Amino acid sequence: MNYLTLLYPSPTLAMELDPLALLAEHHLCVGSTSEGGLVRLAKAKVADLLEPIVREFGVGDETDARWYWAAAALLDGQSHLEVVAEWLDSRDDGVAWASFARTTTKADADGNFAEHISFLGTALNEGIKLGKPPEDLYEVVAKIGLASPAVVSLRSLTRTIATLEHLPLLLPAAAQVAMGYRTMFNLPETISLLRGLQSGEETRYWETVLDYCLHGNLQAVADEFAHFLGDAVGVTALEVKEAIRQAADAMSNSVSLRTASLEFDELVEEEEGKGFEIKERRVRCRYGLRFGEGKDDEDGAMRADQVRAAFNSPFRPFVLASTSLGQEGLDFHPYCHSIYHWNLPANPVDLEQREGRINRYKGHAVRKNVAMAAIKAGAPIAVGDLWGEMFEAARVSRPPEANDLIPYWLYESDEEGHKINRYVPALPLSRELGHMERLRNSTVSYRMVFGQPRQEDLLAFLESRYDSREQLQDLAKCRIRLAPPDVAGGLE
């Protein structure tokens, strides 16, 4: 039952242990406290919440480990009983918690998970007599409230997609996302990775997962992803129910992408030099995927858009290899700002198309620079959509003559800032080097016409061709200006 600490989206813990609210309550700024300091703040809050419950339900003398999962249920039984109980009792496959378990793993088909849900519902509705709480109960519950995948998912959806008024819709959505996390954390590769991080043999795996989520600041990861999804699904244009559904589907799918199988032919020499035979080989692939049609290990189907959606998330795959199929009309900017040109295109338009896949609205490099600026400015904590607040602060602080390209499409920081990275694996003395130089110059000219040159390339280009400032000023008059209208002063 203790693994329910990772899967149960407790509204009480989501609200009371909101890390942004904790920081704002103590007048702390973005990036101004450590992980340990945040846990201490949450632990003090947990002590205030649980002490009355411990006195009421902790009647035994022996230490009872059931406290780890029961604490959240007992808390919700006092403040969110009706809405949580209705959800736990639901038999609708689109809402019921057990239905998500059946779709993510075959191991729950026997109904064991449903029994756990029933037991949790009993504790929520009627309470449960427990023994002595573990010594680390308050600290563990604090970690659950800060980093449990279910609680984190509920909180991130609440920040950007809906509000607590829609809690009946948010609970199943958060549970669905949490079941996707369970798929990821139950993979052999993930288990092997996390087991290697355990401090001792007796460490509980579910708590190792919890610590991993805490150390990796899963809440910040989920908040950024939810903000991006809020723009991607067009929250303002959708009904709340549909917006929640689409965001939950995207989140759960991104963390439960199955292993792909890639097939290739191997030429094997026959005995006595009689020739070669072709043998089919299969390679299992999880952390790096090619962008194209493939097969997964279960039902044999993996569409290219599934791989693209997973790549456009903070989770695997982290490497995506594509032919010219991915060169036009697709977006890879949400979590990528580096492109590796295996071969160079023939003209600057194709190069611009390639690099335009990762240089788009609120791209990865842009968000990194916006966050860096907020930290350096000591921005106050915003309890809610923190990314929305940071972008608004960046918009307000931009130069007076700037337009809405800044900060949503362009936002350059100081020398330590992030930029779109271009890598070309050109060997010394190869034809690629000369072609790259010609292509860079022609690309600069192409961009100059549209008034959006890459600064480093532009400076190198101009310094090699123009000697005087007057020549540069004459050249600037030839630009086509595609800036958005100036709302205050009319069209430019």
# chains A, B, ... in the order shown; residues from 1 in each chain; ligands from 1
>>> select_by_dssp(residues="stretch 153-384 of chain A", states="helix (DSSP H, G or I)", output="PyMOL selection string")
chain A and resi 153-160+164-185+188-195+205-215+218-232+235-237+240-255+271-273+304-311+324-326+348-356+364-376
>>> write_last_selection(atoms="C-alpha atoms", output="compact mmCIF listing (two decimals), in the first residue's frame")
# COMPACT_ATOMS: atom_id res chain seq x y z
CA SER A 153 0.53 16.62 -11.22
CA LEU A 154 -2.58 17.84 -9.41
CA ARG A 155 -0.83 21.06 -8.42
CA SER A 156 0.64 21.77 -11.88
CA LEU A 157 -2.72 21.22 -13.58
CA THR A 158 -4.33 23.53 -11.06
CA ARG A 159 -1.78 26.28 -11.71
CA THR A 160 -2.28 26.59 -15.47
CA LEU A 164 -9.64 23.98 -7.53
CA GLU A 165 -13.27 24.63 -8.44
CA HIS A 166 -12.78 21.84 -10.99
CA LEU A 167 -11.36 19.38 -8.45
CA PRO A 168 -13.74 16.53 -9.53
CA LEU A 169 -12.13 16.74 -12.99
CA LEU A 170 -8.60 17.34 -11.76
CA LEU A 171 -8.40 14.32 -9.43
CA PRO A 172 -8.78 11.65 -12.16
CA ALA A 173 -6.52 13.67 -14.47
CA ALA A 174 -3.75 13.80 -11.86
CA ALA A 175 -4.19 10.10 -11.11
CA GLN A 176 -3.90 9.31 -14.82
CA VAL A 177 -0.63 11.21 -15.05
CA ALA A 178 0.66 9.52 -11.89
CA MET A 179 -0.05 6.10 -13.38
CA GLY A 180 2.08 7.13 -16.35
CA TYR A 181 4.91 7.94 -13.94
CA ARG A 182 4.47 4.51 -12.38
CA THR A 183 5.06 2.94 -15.80
CA MET A 184 8.30 4.91 -16.12
CA PHE A 185 9.55 4.12 -12.63
CA PRO A 188 14.02 -2.24 -15.56
CA GLU A 189 16.31 0.57 -16.71
CA THR A 190 14.79 3.03 -14.27
CA ILE A 191 14.84 0.57 -11.37
CA SER A 192 18.50 -0.19 -12.02
CA LEU A 193 19.31 3.52 -12.13
CA LEU A 194 17.49 4.38 -8.91
CA ARG A 195 18.71 1.31 -7.03
CA TYR A 205 12.09 1.74 -3.42
CA TRP A 206 8.98 3.94 -3.28
CA GLU A 207 10.86 6.33 -1.01
CA THR A 208 13.86 6.26 -3.33
CA VAL A 209 11.53 7.35 -6.14
CA LEU A 210 10.16 10.08 -3.89
CA ASP A 211 13.67 11.34 -3.08
CA TYR A 212 14.57 11.24 -6.77
CA CYS A 213 11.55 13.38 -7.65
CA LEU A 214 12.44 15.79 -4.86
CA HIS A 215 16.11 16.10 -5.86
CA LEU A 218 9.70 17.44 -10.29
CA GLN A 219 7.30 20.24 -9.36
CA ALA A 220 9.29 22.79 -11.34
CA VAL A 221 9.53 20.37 -14.27
CA ALA A 222 5.77 19.74 -14.22
CA ASP A 223 4.91 23.43 -13.85
CA GLU A 224 6.98 24.35 -16.90
CA PHE A 225 5.46 21.48 -18.90
CA ALA A 226 1.93 22.44 -17.86
CA HIS A 227 2.55 26.07 -18.86
CA PHE A 228 3.73 24.93 -22.28
CA LEU A 229 0.73 22.62 -22.65
CA GLY A 230 -1.57 25.46 -21.66
CA ASP A 231 -0.40 27.33 -24.75
CA ALA A 232 -0.27 24.21 -26.91
CA VAL A 235 -6.78 26.49 -22.80
CA THR A 236 -8.65 29.74 -23.25
CA ALA A 237 -10.40 28.42 -26.36
CA VAL A 240 -12.29 23.23 -18.98
CA LYS A 241 -13.09 19.53 -19.16
CA GLU A 242 -11.56 19.17 -22.61
CA ALA A 243 -8.50 21.24 -21.69
CA ILE A 244 -7.86 19.06 -18.62
CA ARG A 245 -8.31 15.89 -20.67
CA GLN A 246 -5.89 16.95 -23.38
CA ALA A 247 -3.26 18.14 -20.90
CA ALA A 248 -3.53 14.92 -18.83
CA ASP A 249 -3.26 12.77 -21.95
CA ALA A 250 -0.16 14.64 -23.09
CA MET A 251 1.49 14.39 -19.67
CA SER A 252 0.75 10.70 -19.14
CA ASN A 253 1.78 9.74 -22.67
CA SER A 254 5.07 11.57 -22.38
CA VAL A 255 6.17 9.53 -19.34
CA GLU A 271 31.19 -20.81 -44.52
CA GLU A 272 34.09 -21.41 -46.90
CA GLY A 273 33.59 -18.08 -48.62
CA ALA A 304 5.88 9.32 -35.57
CA ASP A 305 3.66 11.83 -33.75
CA GLN A 306 3.99 9.80 -30.52
CA VAL A 307 7.76 10.11 -30.69
CA ARG A 308 7.50 13.82 -31.48
CA ALA A 309 5.13 14.42 -28.56
CA ALA A 310 7.44 12.57 -26.19
CA PHE A 311 10.47 14.49 -27.46
CA SER A 324 14.59 15.71 -44.15
CA LEU A 325 11.14 14.48 -43.04
CA GLY A 326 11.53 16.55 -39.88
CA PRO A 348 19.99 28.87 -46.90
CA VAL A 349 16.22 28.43 -47.03
CA ASP A 350 16.53 24.76 -46.07
CA LEU A 351 19.03 25.61 -43.34
CA GLU A 352 16.62 28.21 -41.98
CA GLN A 353 13.80 25.68 -42.07
CA ARG A 354 15.86 23.18 -40.09
CA GLU A 355 16.92 25.60 -37.41
CA GLY A 356 13.45 27.11 -37.33
CA HIS A 364 13.62 26.27 -24.73
CA ALA A 365 16.44 28.81 -24.97
CA VAL A 366 13.96 31.67 -24.49
CA ARG A 367 12.49 30.11 -21.35
CA LYS A 368 15.94 29.46 -19.90
CA ASN A 369 16.88 33.11 -20.36
CA VAL A 370 13.59 34.35 -18.92
CA ALA A 371 14.06 32.16 -15.84
CA MET A 372 17.67 33.30 -15.45
CA ALA A 373 16.59 36.93 -15.60
CA ALA A 374 13.90 36.32 -12.96
CA ILE A 375 16.42 34.72 -10.60
CA LYS A 376 18.95 37.51 -11.04
>>> residues_around(residues="stretch 124-133 of chain A", least_positions_apart="2", cutoff="8 Å", atoms="only C-alpha atoms", output="PyMOL selection string")
chain A and resi 54+57-67+73-74+76-77+81+85+120-122+135+137
>>> write_last_selection(atoms="N, CA, C and O atoms", output="short mmCIF file (atom, residue, chain, number, x, y, z; two decimals), in the first residue's frame")
data_model
loop_
_atom_site.label_atom_id
_atom_site.label_comp_id
_atom_site.auth_asym_id
_atom_site.auth_seq_id
_atom_site.Cartn_x
_atom_site.Cartn_y
_atom_site.Cartn_z
N VAL A 54 -2.77 12.32 14.61
CA VAL A 54 -1.97 11.29 15.28
C VAL A 54 -2.54 11.00 16.66
O VAL A 54 -2.62 9.83 17.09
N PHE A 57 -5.93 8.85 15.94
CA PHE A 57 -5.89 7.54 15.29
C PHE A 57 -4.68 6.69 15.66
O PHE A 57 -4.66 5.50 15.37
N GLY A 58 -3.67 7.26 16.29
CA GLY A 58 -2.50 6.48 16.68
C GLY A 58 -2.69 5.87 18.05
O GLY A 58 -2.23 6.42 19.06
N VAL A 59 -3.37 4.73 18.10
CA VAL A 59 -3.76 4.14 19.38
C VAL A 59 -2.86 2.99 19.81
O VAL A 59 -2.89 2.56 20.97
N GLY A 60 -2.05 2.43 18.90
CA GLY A 60 -1.21 1.28 19.24
C GLY A 60 0.15 1.70 19.75
O GLY A 60 0.53 2.88 19.70
N ASP A 61 0.89 0.71 20.27
CA ASP A 61 2.22 0.98 20.81
C ASP A 61 3.34 0.64 19.82
O ASP A 61 4.45 1.15 19.96
N GLU A 62 3.04 -0.21 18.86
CA GLU A 62 4.05 -0.60 17.90
C GLU A 62 4.04 0.34 16.69
O GLU A 62 2.99 0.83 16.27
N THR A 63 5.22 0.56 16.14
CA THR A 63 5.33 1.44 14.98
C THR A 63 4.55 0.87 13.80
O THR A 63 4.68 -0.31 13.47
N ASP A 64 3.74 1.71 13.19
CA ASP A 64 2.85 1.26 12.11
C ASP A 64 3.22 2.00 10.83
O ASP A 64 3.02 3.21 10.70
N ALA A 65 3.75 1.25 9.82
CA ALA A 65 4.18 1.86 8.56
C ALA A 65 3.01 2.31 7.69
O ALA A 65 3.21 3.04 6.71
N ARG A 66 1.78 1.89 8.05
CA ARG A 66 0.63 2.31 7.26
C ARG A 66 0.39 3.82 7.34
O ARG A 66 -0.34 4.38 6.51
N TRP A 67 0.99 4.46 8.29
CA TRP A 67 0.85 5.90 8.42
C TRP A 67 1.30 6.63 7.15
O TRP A 67 0.77 7.70 6.82
N ALA A 73 -4.91 10.30 3.38
CA ALA A 73 -6.33 9.96 3.36
C ALA A 73 -7.05 10.54 4.57
O ALA A 73 -8.18 11.05 4.45
N LEU A 74 -6.43 10.47 5.73
CA LEU A 74 -7.05 11.01 6.94
C LEU A 74 -7.18 12.53 6.87
O LEU A 74 -8.18 13.11 7.33
N ASP A 76 -7.49 14.28 4.04
CA ASP A 76 -8.54 14.59 3.06
C ASP A 76 -9.92 14.25 3.60
O ASP A 76 -10.92 14.85 3.19
N GLY A 77 -9.99 13.30 4.52
CA GLY A 77 -11.27 12.96 5.14
C GLY A 77 -11.84 14.10 5.96
O GLY A 77 -13.06 14.16 6.20
N LEU A 81 -13.65 15.39 1.87
CA LEU A 81 -14.23 14.05 1.93
C LEU A 81 -15.18 13.78 0.78
O LEU A 81 -15.07 12.76 0.08
N ALA A 85 -14.23 11.05 -2.07
CA ALA A 85 -14.96 9.80 -1.94
C ALA A 85 -15.78 9.50 -3.19
O ALA A 85 -15.85 8.34 -3.63
N LEU A 120 -8.23 2.37 0.78
CA LEU A 120 -7.96 3.80 0.93
C LEU A 120 -9.26 4.56 1.16
O LEU A 120 -9.33 5.48 1.99
N GLY A 121 -10.33 4.17 0.43
CA GLY A 121 -11.62 4.81 0.60
C GLY A 121 -12.19 4.59 1.99
O GLY A 121 -12.82 5.49 2.57
N THR A 122 -11.96 3.41 2.54
CA THR A 122 -12.43 3.14 3.91
C THR A 122 -11.73 4.06 4.90
O THR A 122 -12.36 4.61 5.81
N GLU A 135 9.05 7.47 13.20
CA GLU A 135 9.75 8.67 13.63
C GLU A 135 9.92 9.68 12.50
O GLU A 135 9.99 10.89 12.73
N LEU A 137 7.78 10.19 10.05
CA LEU A 137 6.49 10.39 9.37
C LEU A 137 6.35 11.81 8.84
O LEU A 137 5.99 12.01 7.67
#
>>> closest_residue(among="A:Ala377, A:Val151, A:Cys285, A:Ala426", to="A:Ser397", atoms="only C-alpha atoms")
A:Ala377
>>> atom_distance(atom1="atom CA of A:His26", atom2="atom CA of A:Ser148")
22.8 Å
>>> select_by_dssp(residues="stretch 12-127 of chain A", states="strand (DSSP E or B)", output="PyMOL selection string")
chain A and resi 29+58-63
>>> residues_around(residues="A:Val383", least_positions_apart="6", cutoff="8 Å", atoms="only C-alpha atoms", output="NGL selection string")
:A and (20-21 or 24)
>>> closest_residue(among="A:Glu389, A:Ile381, A:Glu437, A:Leu146", to="A:His27", atoms="only C-alpha atoms")
A:Ile381
>>> atom_distance(atom1="atom CA of A:Arg40", atom2="atom CA of A:His80")
25.4 Å
>>> atom_distance(atom1="atom CA of A:Leu50", atom2="atom CA of A:Tyr138")
7.9 Å
